[in-house]
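Worksheet: one structure, shown below.
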Amino acid sequence: MPDHLLVRAVRGEAVERPPVWAMRQAGRWDPEFQKVRAGLSFYEFSENVDRAAAASLCPRRFGVDAIILFYDITTLPVAMGLPFALKTNVGPTPDRPVHTLADLERLNPDPAPESYWYIRALLKKVKDDLRGDLPVIVFAGAPFTVATYCIGTGKDMAATRRFAAERPAVWDGLLDRLRHATAGFLNTLISDGADVYQLFDSWAGMLTPAEYDRWAQPLHADILRRAAGVPRILFVKECPYLDRMCAAGSEAVSLGTGHDLAAARAAYPDKVFQGNVDEEVLRAGTPERVRAAVRACLTAGGGRNHVVNLNHGVGKETPVANFEAYVAAARGEP
């Protein structure tokens, strides 16, 4: 295993300082990213290996401790046979939502690695370009969140609940196919040289406890168990169920602003925690406020079993100076 700071930190080893990176650190907020994208549609951009690699590497100039590849969680259902388009102010939209058992049968639960060749090529190119200087993070969406996009409901929880109640065979079958495919996808990328992976379940934090125990927790645990061999991070946006997250099997758990980082560290001293600087401070604050927020986060993290990150992704309105302040403060620089 590479001796990178982030890898050692997520494994729970003592490190010289907590590493820092950010979800969506390669994104629309960065003018250099916009230059690389050059007007391409999202899927055209993400499937262009050279440009996606250049975009993934843009944050390197700020001093981040890891590079996360630029692609989308809908990459996997696309490989399974469900095309998507990214619509402005709507998000990923399926070409033909999964509404029937016939729709479900069209989804391949075991897509060949060649069906997402461009992600594998992206991983190789970024690793080649980095030459071992930084670790590479890959990711996958967890079944619940990806399923909501596949049926066309997204973060509309009421619509998702109605669908699950009215079409339980389709819903449960979709979760199961995604569970199986996600483990295979991650194992392929691990074999290809990924250093760390993060499992995203963006909308599962809005579930009731009973729903979470049916549609999120057991699926996380199964994927994390089946896709092992590298350090793993579990992210559920602002999830109220810290106990369930910590029991899922990942080395690290990503926290939102609703969590008290110091209290979580005290309650789970052997778990690595990621977070939890407020994205809103980066987006709307000043560099001075950003530095103060990072320093408070570092104090709460205690210097061990901690990865500095945000509560979720970098907002598109974030000033570059604020991101620079975020990374510098995390690294202990002025």
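Each chain in the structure tokens gets a letter, A, B, ..., in the order shown, and its residues are numbered from 1; ligands are numbered from 1 in order too.
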
task = Please identify all polymer residues within 8 Å of region 204-209 of chain A, counting only C-alpha atoms, omitting same-chain residues fewer than 5 positions from it, and present them as a list in words.
result = Phe144, Thr145, Met157, Ala216, Val236, Lys237, Glu238, Cys239, Pro240 and Tyr241 of chain A

request  = Identify, on the basis of only C-alpha atoms, every residue whose closest approach to Ala79 (chain A) does not exceed 8 Å; exclude the query and any residue fewer than 2 positions from it along the same chain; express the result as a ChimeraX atom specification.
outcome  = /A:75-77,81-82,111,115-116

Writer output for current selection, C-alpha atoms, as a PDB file, in the first residue's frame:
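Wrote result-v4.pdb, looks like this:
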ATOM      1  CA  THR A  75     -21.637   6.227 -14.519  1.00  0.00           C
ATOM      2  CA  LEU A  76     -22.545   2.795 -13.189  1.00  0.00           C
ATOM      3  CA  PRO A  77     -26.235   2.665 -14.230  1.00  0.00           C
ATOM      4  CA  GLY A  81     -27.730  -0.084 -19.726  1.00  0.00           C
ATOM      5  CA  LEU A  82     -29.573   3.055 -18.565  1.00  0.00           C
ATOM      6  CA  PRO A 111     -21.618  -4.983 -16.352  1.00  0.00           C
ATOM      7  CA  SER A 115     -18.555  -0.824 -20.329  1.00  0.00           C
ATOM      8  CA  TYR A 116     -16.927   1.830 -18.148  1.00  0.00           C
TER       9      TYR A 116
END

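Considering only region 202-326 of chain A, backbone DSSP assigns strand (DSSP E or B) to Arg232, Ile233, Leu234, Phe235, Ala252, Val253, Ser254, Val272, Phe273, Gln274, Val277, His306, Val307, Val308 and Leu310 of chain A.
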
Take the residues just selected and output them with all heavy atoms as a compact mmCIF listing (two decimals), in the first residue's frame.
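Wrote selection.txt, looks like this:
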# COMPACT_ATOMS: atom_id res chain seq x y z
N ARG A 232 -11.57 2.66 3.04
CA ARG A 232 -12.89 3.00 2.55
C ARG A 232 -13.52 4.10 3.41
O ARG A 232 -13.39 4.07 4.63
CB ARG A 232 -13.78 1.76 2.58
CG ARG A 232 -13.24 0.60 1.74
CD ARG A 232 -13.71 -0.76 2.24
NE ARG A 232 -13.20 -1.03 3.59
CZ ARG A 232 -13.52 -2.11 4.30
NH1 ARG A 232 -14.36 -3.00 3.81
NH2 ARG A 232 -13.02 -2.28 5.50
N ILE A 233 -14.22 5.02 2.74
CA ILE A 233 -14.90 6.12 3.41
C ILE A 233 -16.38 6.03 3.08
O ILE A 233 -16.75 5.84 1.91
CB ILE A 233 -14.36 7.49 2.94
CG1 ILE A 233 -12.84 7.57 3.12
CG2 ILE A 233 -15.05 8.63 3.70
CD1 ILE A 233 -12.21 8.76 2.40
N LEU A 234 -17.23 6.17 4.07
CA LEU A 234 -18.68 6.19 3.87
C LEU A 234 -19.19 7.62 4.07
O LEU A 234 -18.95 8.24 5.11
CB LEU A 234 -19.38 5.26 4.85
CG LEU A 234 -20.91 5.26 4.81
CD1 LEU A 234 -21.44 4.80 3.45
CD2 LEU A 234 -21.49 4.39 5.93
N PHE A 235 -19.92 8.13 3.06
CA PHE A 235 -20.51 9.46 3.13
C PHE A 235 -22.01 9.35 2.97
O PHE A 235 -22.50 8.82 1.97
CB PHE A 235 -19.95 10.35 2.01
CG PHE A 235 -20.67 11.66 1.85
CD1 PHE A 235 -20.34 12.76 2.63
CD2 PHE A 235 -21.70 11.81 0.92
CE1 PHE A 235 -21.02 13.97 2.49
CE2 PHE A 235 -22.37 13.01 0.76
CZ PHE A 235 -22.03 14.09 1.56
N ALA A 252 -13.41 4.84 7.57
CA ALA A 252 -13.71 6.24 7.86
C ALA A 252 -15.17 6.56 7.58
O ALA A 252 -15.78 5.98 6.68
CB ALA A 252 -12.81 7.16 7.03
N VAL A 253 -15.71 7.48 8.35
CA VAL A 253 -17.08 7.96 8.20
C VAL A 253 -17.02 9.48 8.03
O VAL A 253 -16.34 10.17 8.80
CB VAL A 253 -17.93 7.59 9.43
CG1 VAL A 253 -19.23 8.36 9.44
CG2 VAL A 253 -18.19 6.09 9.45
N SER A 254 -17.72 10.00 7.03
CA SER A 254 -17.73 11.43 6.76
C SER A 254 -18.88 12.09 7.51
O SER A 254 -20.02 11.63 7.43
CB SER A 254 -17.86 11.67 5.26
OG SER A 254 -17.49 12.99 4.92
N VAL A 272 -12.10 6.42 12.16
CA VAL A 272 -11.58 7.63 11.52
C VAL A 272 -12.77 8.46 11.04
O VAL A 272 -13.72 7.92 10.47
CB VAL A 272 -10.69 7.26 10.32
CG1 VAL A 272 -10.20 8.52 9.59
CG2 VAL A 272 -9.51 6.41 10.78
N PHE A 273 -12.71 9.76 11.30
CA PHE A 273 -13.78 10.65 10.87
C PHE A 273 -13.26 11.66 9.85
O PHE A 273 -12.15 12.15 9.96
CB PHE A 273 -14.42 11.37 12.05
CG PHE A 273 -15.25 10.46 12.91
CD1 PHE A 273 -14.79 10.03 14.14
CD2 PHE A 273 -16.48 9.99 12.46
CE1 PHE A 273 -15.53 9.16 14.91
CE2 PHE A 273 -17.23 9.12 13.22
CZ PHE A 273 -16.75 8.71 14.46
N GLN A 274 -14.10 11.94 8.87
CA GLN A 274 -13.79 12.91 7.84
C GLN A 274 -14.74 14.09 7.97
O GLN A 274 -15.92 13.92 8.22
CB GLN A 274 -13.95 12.27 6.46
CG GLN A 274 -13.70 13.22 5.30
CD GLN A 274 -13.78 12.52 3.96
OE1 GLN A 274 -12.77 12.06 3.46
NE2 GLN A 274 -14.97 12.44 3.37
N VAL A 277 -15.97 20.78 8.00
CA VAL A 277 -16.03 22.22 7.77
C VAL A 277 -17.28 22.53 6.93
O VAL A 277 -17.58 21.83 5.96
CB VAL A 277 -14.76 22.72 7.04
CG1 VAL A 277 -14.85 24.21 6.74
CG2 VAL A 277 -13.52 22.40 7.87
N HIS A 306 -8.42 11.58 11.74
CA HIS A 306 -9.20 12.70 11.21
C HIS A 306 -8.69 13.06 9.82
O HIS A 306 -7.48 13.18 9.61
CB HIS A 306 -9.10 13.91 12.13
CG HIS A 306 -9.90 15.10 11.67
ND1 HIS A 306 -9.51 16.40 11.91
CD2 HIS A 306 -11.07 15.19 10.99
CE1 HIS A 306 -10.41 17.23 11.40
NE2 HIS A 306 -11.36 16.51 10.83
N VAL A 307 -9.62 13.23 8.88
CA VAL A 307 -9.35 13.76 7.55
C VAL A 307 -10.15 15.03 7.39
O VAL A 307 -11.38 15.02 7.57
CB VAL A 307 -9.74 12.74 6.46
CG1 VAL A 307 -9.57 13.35 5.06
CG2 VAL A 307 -8.93 11.46 6.59
N VAL A 308 -9.51 16.13 7.07
CA VAL A 308 -10.22 17.40 6.90
C VAL A 308 -10.96 17.39 5.57
O VAL A 308 -10.38 17.11 4.51
CB VAL A 308 -9.26 18.60 6.96
CG1 VAL A 308 -10.03 19.91 6.78
CG2 VAL A 308 -8.50 18.61 8.29
N LEU A 310 -15.19 18.85 3.86
CA LEU A 310 -16.38 19.65 4.10
C LEU A 310 -17.54 18.75 4.52
O LEU A 310 -17.43 17.54 4.52
CB LEU A 310 -16.75 20.42 2.82
CG LEU A 310 -15.63 21.25 2.19
CD1 LEU A 310 -16.13 21.93 0.92
CD2 LEU A 310 -15.08 22.27 3.16

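Every protein or nucleic acid residue with an atom no more than 12 Å from Arg161 (chain A), counting only C-alpha atoms and leaving out same-chain residues fewer than 5 positions away, appears here: A:Phe144, A:Ala147, A:Thr148, A:Ile151, A:Thr153, A:Gly154, A:Lys155, A:Asp156, A:Glu166, A:Arg167, A:Pro168, A:Trp171, A:Met206, A:Leu207, A:Thr208, A:Glu211, A:Trp215.
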
Deliver the residues from the most recent selection as a file, using N, CA, C and O atoms, as a short mmCIF file (atom, residue, chain, number, x, y, z; two decimals), in the first residue's frame.
data_model
loop_
_atom_site.label_atom_id
_atom_site.label_comp_id
_atom_site.auth_asym_id
_atom_site.auth_seq_id
_atom_site.Cartn_x
_atom_site.Cartn_y
_atom_site.Cartn_z
N PHE A 144 -29.24 3.22 -2.68
CA PHE A 144 -30.44 4.03 -2.47
C PHE A 144 -30.42 5.29 -3.31
O PHE A 144 -31.37 5.58 -4.07
N ALA A 147 -30.54 4.59 -7.03
CA ALA A 147 -31.88 4.11 -7.40
C ALA A 147 -32.87 5.25 -7.56
O ALA A 147 -33.71 5.23 -8.46
N THR A 148 -32.76 6.27 -6.71
CA THR A 148 -33.69 7.40 -6.84
C THR A 148 -33.52 8.11 -8.17
O THR A 148 -34.49 8.59 -8.76
N ILE A 151 -35.10 5.85 -11.03
CA ILE A 151 -36.56 5.89 -11.16
C ILE A 151 -37.07 7.30 -11.45
O ILE A 151 -38.27 7.51 -11.63
N THR A 153 -36.81 10.11 -9.43
CA THR A 153 -37.31 10.92 -8.32
C THR A 153 -36.23 11.78 -7.68
O THR A 153 -36.52 12.81 -7.08
N GLY A 154 -34.97 11.35 -7.74
CA GLY A 154 -33.90 12.11 -7.13
C GLY A 154 -34.12 12.32 -5.65
O GLY A 154 -34.47 11.40 -4.92
N LYS A 155 -33.94 13.57 -5.19
CA LYS A 155 -34.07 13.84 -3.76
C LYS A 155 -35.51 14.12 -3.32
O LYS A 155 -35.74 14.56 -2.18
N ASP A 156 -36.49 13.87 -4.17
CA ASP A 156 -37.90 14.00 -3.79
C ASP A 156 -38.28 12.75 -3.00
O ASP A 156 -38.70 11.74 -3.56
N GLU A 166 -45.74 1.45 -4.02
CA GLU A 166 -46.60 1.01 -5.11
C GLU A 166 -45.97 -0.07 -5.98
O GLU A 166 -46.68 -0.88 -6.57
N ARG A 167 -44.62 -0.08 -6.05
CA ARG A 167 -43.93 -1.03 -6.91
C ARG A 167 -42.78 -1.69 -6.16
O ARG A 167 -41.60 -1.54 -6.53
N PRO A 168 -43.09 -2.40 -5.08
CA PRO A 168 -42.03 -2.94 -4.23
C PRO A 168 -41.10 -3.92 -4.94
O PRO A 168 -39.90 -3.95 -4.64
N TRP A 171 -38.67 -1.80 -6.99
CA TRP A 171 -37.78 -1.05 -6.10
C TRP A 171 -36.75 -1.97 -5.44
O TRP A 171 -35.55 -1.70 -5.49
N MET A 206 -32.03 11.41 4.76
CA MET A 206 -33.41 11.87 4.93
C MET A 206 -34.38 10.73 5.20
O MET A 206 -35.58 10.95 5.35
N LEU A 207 -33.87 9.50 5.28
CA LEU A 207 -34.72 8.35 5.55
C LEU A 207 -35.09 8.26 7.03
O LEU A 207 -34.36 8.74 7.90
N THR A 208 -36.22 7.62 7.31
CA THR A 208 -36.55 7.29 8.70
C THR A 208 -35.62 6.17 9.17
O THR A 208 -34.99 5.48 8.35
N GLU A 211 -36.55 2.94 7.41
CA GLU A 211 -36.16 2.95 6.00
C GLU A 211 -34.66 2.80 5.84
O GLU A 211 -34.19 2.07 4.96
N TRP A 215 -33.09 0.16 3.42
CA TRP A 215 -32.65 0.60 2.11
C TRP A 215 -31.22 1.14 2.08
O TRP A 215 -30.69 1.40 0.99
#

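In terms of minimum interatomic distance to Met80 (chain A), A:Glu114 ranks closest within A:Glu13, A:Glu114, A:Glu324, A:Asp50, counting only C-alpha atoms.
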
task = Determine, counting only C-alpha atoms, which protein, DNA and RNA residues have an atom within 10 Å of an atom of Lys127 (chain A); residues of the same chain fewer than 4 positions away are not included. Present the result as a PyMOL selection string.
result = chain A and resi 53+67+121-123+131-136+193-195

Write to file, as a tab-separated table (two decimals), in the first residue's frame, the residues of the selection just made, with N, CA and C atoms.
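Result went into result-v3.tsv, see below:
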chain	number	residue	atom	x	y	z
A	53	ALA	N	-9.06	13.86	-16.94
A	53	ALA	CA	-7.84	13.75	-16.15
A	53	ALA	C	-7.30	15.12	-15.78
A	67	ILE	N	-6.25	13.22	-4.90
A	67	ILE	CA	-7.00	13.56	-6.10
A	67	ILE	C	-8.17	12.59	-6.20
A	121	ALA	N	-9.58	4.07	-17.80
A	121	ALA	CA	-8.53	4.81	-18.50
A	121	ALA	C	-8.20	6.11	-17.77
A	122	LEU	N	-9.23	6.74	-17.21
A	122	LEU	CA	-9.02	7.96	-16.43
A	122	LEU	C	-8.16	7.67	-15.21
A	123	LEU	N	-8.46	6.60	-14.51
A	123	LEU	CA	-7.67	6.23	-13.33
A	123	LEU	C	-6.20	6.01	-13.73
A	131	ARG	N	2.50	10.13	-10.85
A	131	ARG	CA	3.76	9.42	-10.59
A	131	ARG	C	3.99	9.17	-9.11
A	132	GLY	N	2.91	8.83	-8.44
A	132	GLY	CA	3.02	8.47	-7.03
A	132	GLY	C	3.04	9.63	-6.06
A	133	ASP	N	2.88	10.86	-6.55
A	133	ASP	CA	2.96	12.01	-5.64
A	133	ASP	C	1.75	12.11	-4.72
A	134	LEU	N	0.58	11.71	-5.19
A	134	LEU	CA	-0.64	11.80	-4.40
A	134	LEU	C	-1.46	10.53	-4.60
A	135	PRO	N	-2.26	10.15	-3.61
A	135	PRO	CA	-3.17	9.02	-3.81
A	135	PRO	C	-4.37	9.41	-4.64
A	136	VAL	N	-4.99	8.42	-5.25
A	136	VAL	CA	-6.17	8.66	-6.08
A	136	VAL	C	-7.39	8.02	-5.42
A	193	GLY	N	-5.78	-0.07	-9.37
A	193	GLY	CA	-4.82	0.76	-8.65
A	193	GLY	C	-5.37	1.89	-7.83
A	194	ALA	N	-6.69	1.98	-7.64
A	194	ALA	CA	-7.23	3.02	-6.76
A	194	ALA	C	-6.65	2.87	-5.36
A	195	ASP	N	-6.38	3.98	-4.72
A	195	ASP	CA	-5.77	3.96	-3.38
A	195	ASP	C	-6.80	3.99	-2.26

ask   = A:Lys316, A:Lys125, A:Arg214, A:Arg8: which is nearest Ala26 (chain A), counting only C-alpha atoms?
value = A:Lys316

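The space separating CA of Ala300 (chain A) from CA of His4 (chain A) comes to 23.1 Å.
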
ask   = Between A:Gly315, A:Phe45, A:Ala85, A:Glu32, which one has atoms that come closest to Phe62 (chain A), using only C-alpha atoms?
value = A:Glu32

task = Have a look at A:Ala262, A:Val78, A:Ile137, A:Ala325 and name the one nearest to Arg289 (chain A); count only C-alpha atoms.
result = A:Ala325

request  = DSSP on the backbone, then: every residue of region 50-133 of chain A marked alpha helix (DSSP H), written as a PyMOL selection string.
outcome  = chain A and resi 50-57+75-80+101-105+117-130

Within 10 Å of region 177-183 of chain A: each region 126-166 of chain A residue with its shortest pair, only C-alpha atoms, as a tab-separated table:
residue	atom	partner	partner_atom	distance
A:Phe139	CA	A:Thr182	CA	9.7
A:Ala140	CA	A:Thr182	CA	6.8
A:Gly141	CA	A:Thr182	CA	7.8
A:Ala142	CA	A:Thr182	CA	7.5
A:Pro143	CA	A:Leu178	CA	5.3
A:Phe144	CA	A:Leu178	CA	8.6
A:Val146	CA	A:Leu178	CA	7.8
A:Ala147	CA	A:Leu178	CA	7.5

File dump, residues just selected, N, CA, C and O atoms, as an mmCIF file, in the first residue's frame:
data_model
loop_
_atom_site.group_PDB
_atom_site.id
_atom_site.type_symbol
_atom_site.label_atom_id
_atom_site.label_comp_id
_atom_site.auth_asym_id
_atom_site.auth_seq_id
_atom_site.Cartn_x
_atom_site.Cartn_y
_atom_site.Cartn_z
ATOM 1 N N PHE A 139 -14.832 6.487 -6.467
ATOM 2 C CA PHE A 139 -16.070 6.523 -5.690
ATOM 3 C C PHE A 139 -17.184 5.814 -6.432
ATOM 4 O O PHE A 139 -17.092 5.532 -7.637
ATOM 5 N N ALA A 140 -18.231 5.559 -5.687
ATOM 6 C CA ALA A 140 -19.464 5.020 -6.258
ATOM 7 C C ALA A 140 -20.628 5.550 -5.442
ATOM 8 O O ALA A 140 -20.495 5.832 -4.242
ATOM 9 N N GLY A 141 -21.780 5.680 -6.100
ATOM 10 C CA GLY A 141 -22.998 6.000 -5.382
ATOM 11 C C GLY A 141 -23.544 4.743 -4.731
ATOM 12 O O GLY A 141 -23.467 3.646 -5.288
ATOM 13 N N ALA A 142 -24.075 4.875 -3.533
ATOM 14 C CA ALA A 142 -24.713 3.741 -2.870
ATOM 15 C C ALA A 142 -26.069 3.470 -3.531
ATOM 16 O O ALA A 142 -26.665 4.353 -4.159
ATOM 17 N N PRO A 143 -26.574 2.240 -3.389
ATOM 18 C CA PRO A 143 -27.787 1.874 -4.133
ATOM 19 C C PRO A 143 -28.986 2.781 -3.908
ATOM 20 O O PRO A 143 -29.707 3.079 -4.875
ATOM 21 N N PHE A 144 -29.241 3.224 -2.678
ATOM 22 C CA PHE A 144 -30.445 4.026 -2.466
ATOM 23 C C PHE A 144 -30.420 5.287 -3.315
ATOM 24 O O PHE A 144 -31.367 5.581 -4.067
ATOM 25 N N VAL A 146 -28.530 6.127 -5.919
ATOM 26 C CA VAL A 146 -28.504 5.863 -7.360
ATOM 27 C C VAL A 146 -29.870 5.387 -7.835
ATOM 28 O O VAL A 146 -30.339 5.773 -8.919
ATOM 29 N N ALA A 147 -30.544 4.586 -7.028
ATOM 30 C CA ALA A 147 -31.877 4.105 -7.404
ATOM 31 C C ALA A 147 -32.865 5.252 -7.558
ATOM 32 O O ALA A 147 -33.715 5.231 -8.460
#

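Near Pro287 (chain A), within a cut-off of 8 Å and counting only C-alpha atoms, sit the residues Leu282, Val290, Arg291, Ala321, Asn322, Ala325 and Tyr326 of chain A, with same-chain residues fewer than 3 positions away left out.
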
Take the residues from that selection and put them in a file with N, CA and C atoms, as a JSON list (two decimals), in the first residue's frame.
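Wrote it out as out-v7.json, contents follow:
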[["chain", "number", "residue", "atom", "x", "y", "z"],
["A", 282, "LEU", "N", -17.13, 28.34, 3.10],
["A", 282, "LEU", "CA", -16.28, 28.51, 1.92],
["A", 282, "LEU", "C", -17.00, 29.28, 0.83],
["A", 290, "VAL", "N", -12.94, 31.27, 6.85],
["A", 290, "VAL", "CA", -12.59, 29.91, 6.44],
["A", 290, "VAL", "C", -11.47, 29.37, 7.32],
["A", 291, "ARG", "N", -10.43, 30.16, 7.51],
["A", 291, "ARG", "CA", -9.31, 29.71, 8.34],
["A", 291, "ARG", "C", -9.78, 29.40, 9.75],
["A", 321, "ALA", "N", -10.03, 32.15, -3.57],
["A", 321, "ALA", "CA", -9.27, 32.55, -2.39],
["A", 321, "ALA", "C", -9.73, 31.79, -1.15],
["A", 322, "ASN", "N", -11.01, 31.48, -1.07],
["A", 322, "ASN", "CA", -11.51, 30.75, 0.09],
["A", 322, "ASN", "C", -11.05, 29.29, 0.07],
["A", 325, "ALA", "N", -7.50, 29.30, 1.17],
["A", 325, "ALA", "CA", -7.41, 29.47, 2.62],
["A", 325, "ALA", "C", -7.76, 28.17, 3.34],
["A", 326, "TYR", "N", -8.73, 27.45, 2.83],
["A", 326, "TYR", "CA", -9.14, 26.18, 3.42],
["A", 326, "TYR", "C", -7.99, 25.18, 3.44]]

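Distance check against Asp201 (chain A) using only C-alpha atoms: of A:Leu6, A:Arg96, A:Leu219, A:Phe185, the minimum falls on A:Leu219.
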
request  = Skip Ala264 (chain A) itself and residues of its chain fewer than 4 positions away, then list as a list in words all residues within 10 Å of it, counting only C-alpha atoms.
outcome  = Leu242, Asp243, Cys246, Leu255, His259, Asp260, Tyr268, Pro269, Lys271, Val272, Phe273, Ala300 and Gly301 of chain A

Write a file of the just-selected residues containing C-alpha atoms, as a PDB file, in the first residue's frame.
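Generated file (again-v1.pdb):
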ATOM      1  CA  LEU A 242     -24.017   7.946  13.252  1.00  0.00           C
ATOM      2  CA  ASP A 243     -24.231   4.608  15.033  1.00  0.00           C
ATOM      3  CA  CYS A 246     -20.003   3.538  12.157  1.00  0.00           C
ATOM      4  CA  LEU A 255     -19.564  13.834   9.070  1.00  0.00           C
ATOM      5  CA  HIS A 259     -22.466  16.159  13.975  1.00  0.00           C
ATOM      6  CA  ASP A 260     -20.173  17.208  16.805  1.00  0.00           C
ATOM      7  CA  TYR A 268     -15.908   6.041  18.621  1.00  0.00           C
ATOM      8  CA  PRO A 269     -12.189   6.407  19.412  1.00  0.00           C
ATOM      9  CA  LYS A 271     -13.084   5.143  13.969  1.00  0.00           C
ATOM     10  CA  VAL A 272     -11.582   7.626  11.518  1.00  0.00           C
ATOM     11  CA  PHE A 273     -13.785  10.653  10.866  1.00  0.00           C
ATOM     12  CA  ALA A 300     -12.267  19.057  17.380  1.00  0.00           C
ATOM     13  CA  GLY A 301     -10.526  16.345  15.370  1.00  0.00           C
TER      14      GLY A 301
END

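Interatomic distance, CA of Pro31 (chain A) against CA of Ala330 (chain A): 22.3 Å.
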
key: For Pro92 (chain A): contacts at 8 Å, only C-alpha atoms, fewer than 3 positions along chain excluded, given as a ChimeraX atom specification   = /A:74,84-87,149

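As for CA of Ser250 (chain A) and CA of Asp65 (chain A), they are spaced 19.8 Å apart.
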
request  = Could you tell me which of A:Leu199, A:Val98, A:Leu130, A:Ala159 comes closest to Gly173 (chain A) if we count only C-alpha atoms?
outcome  = A:Val98
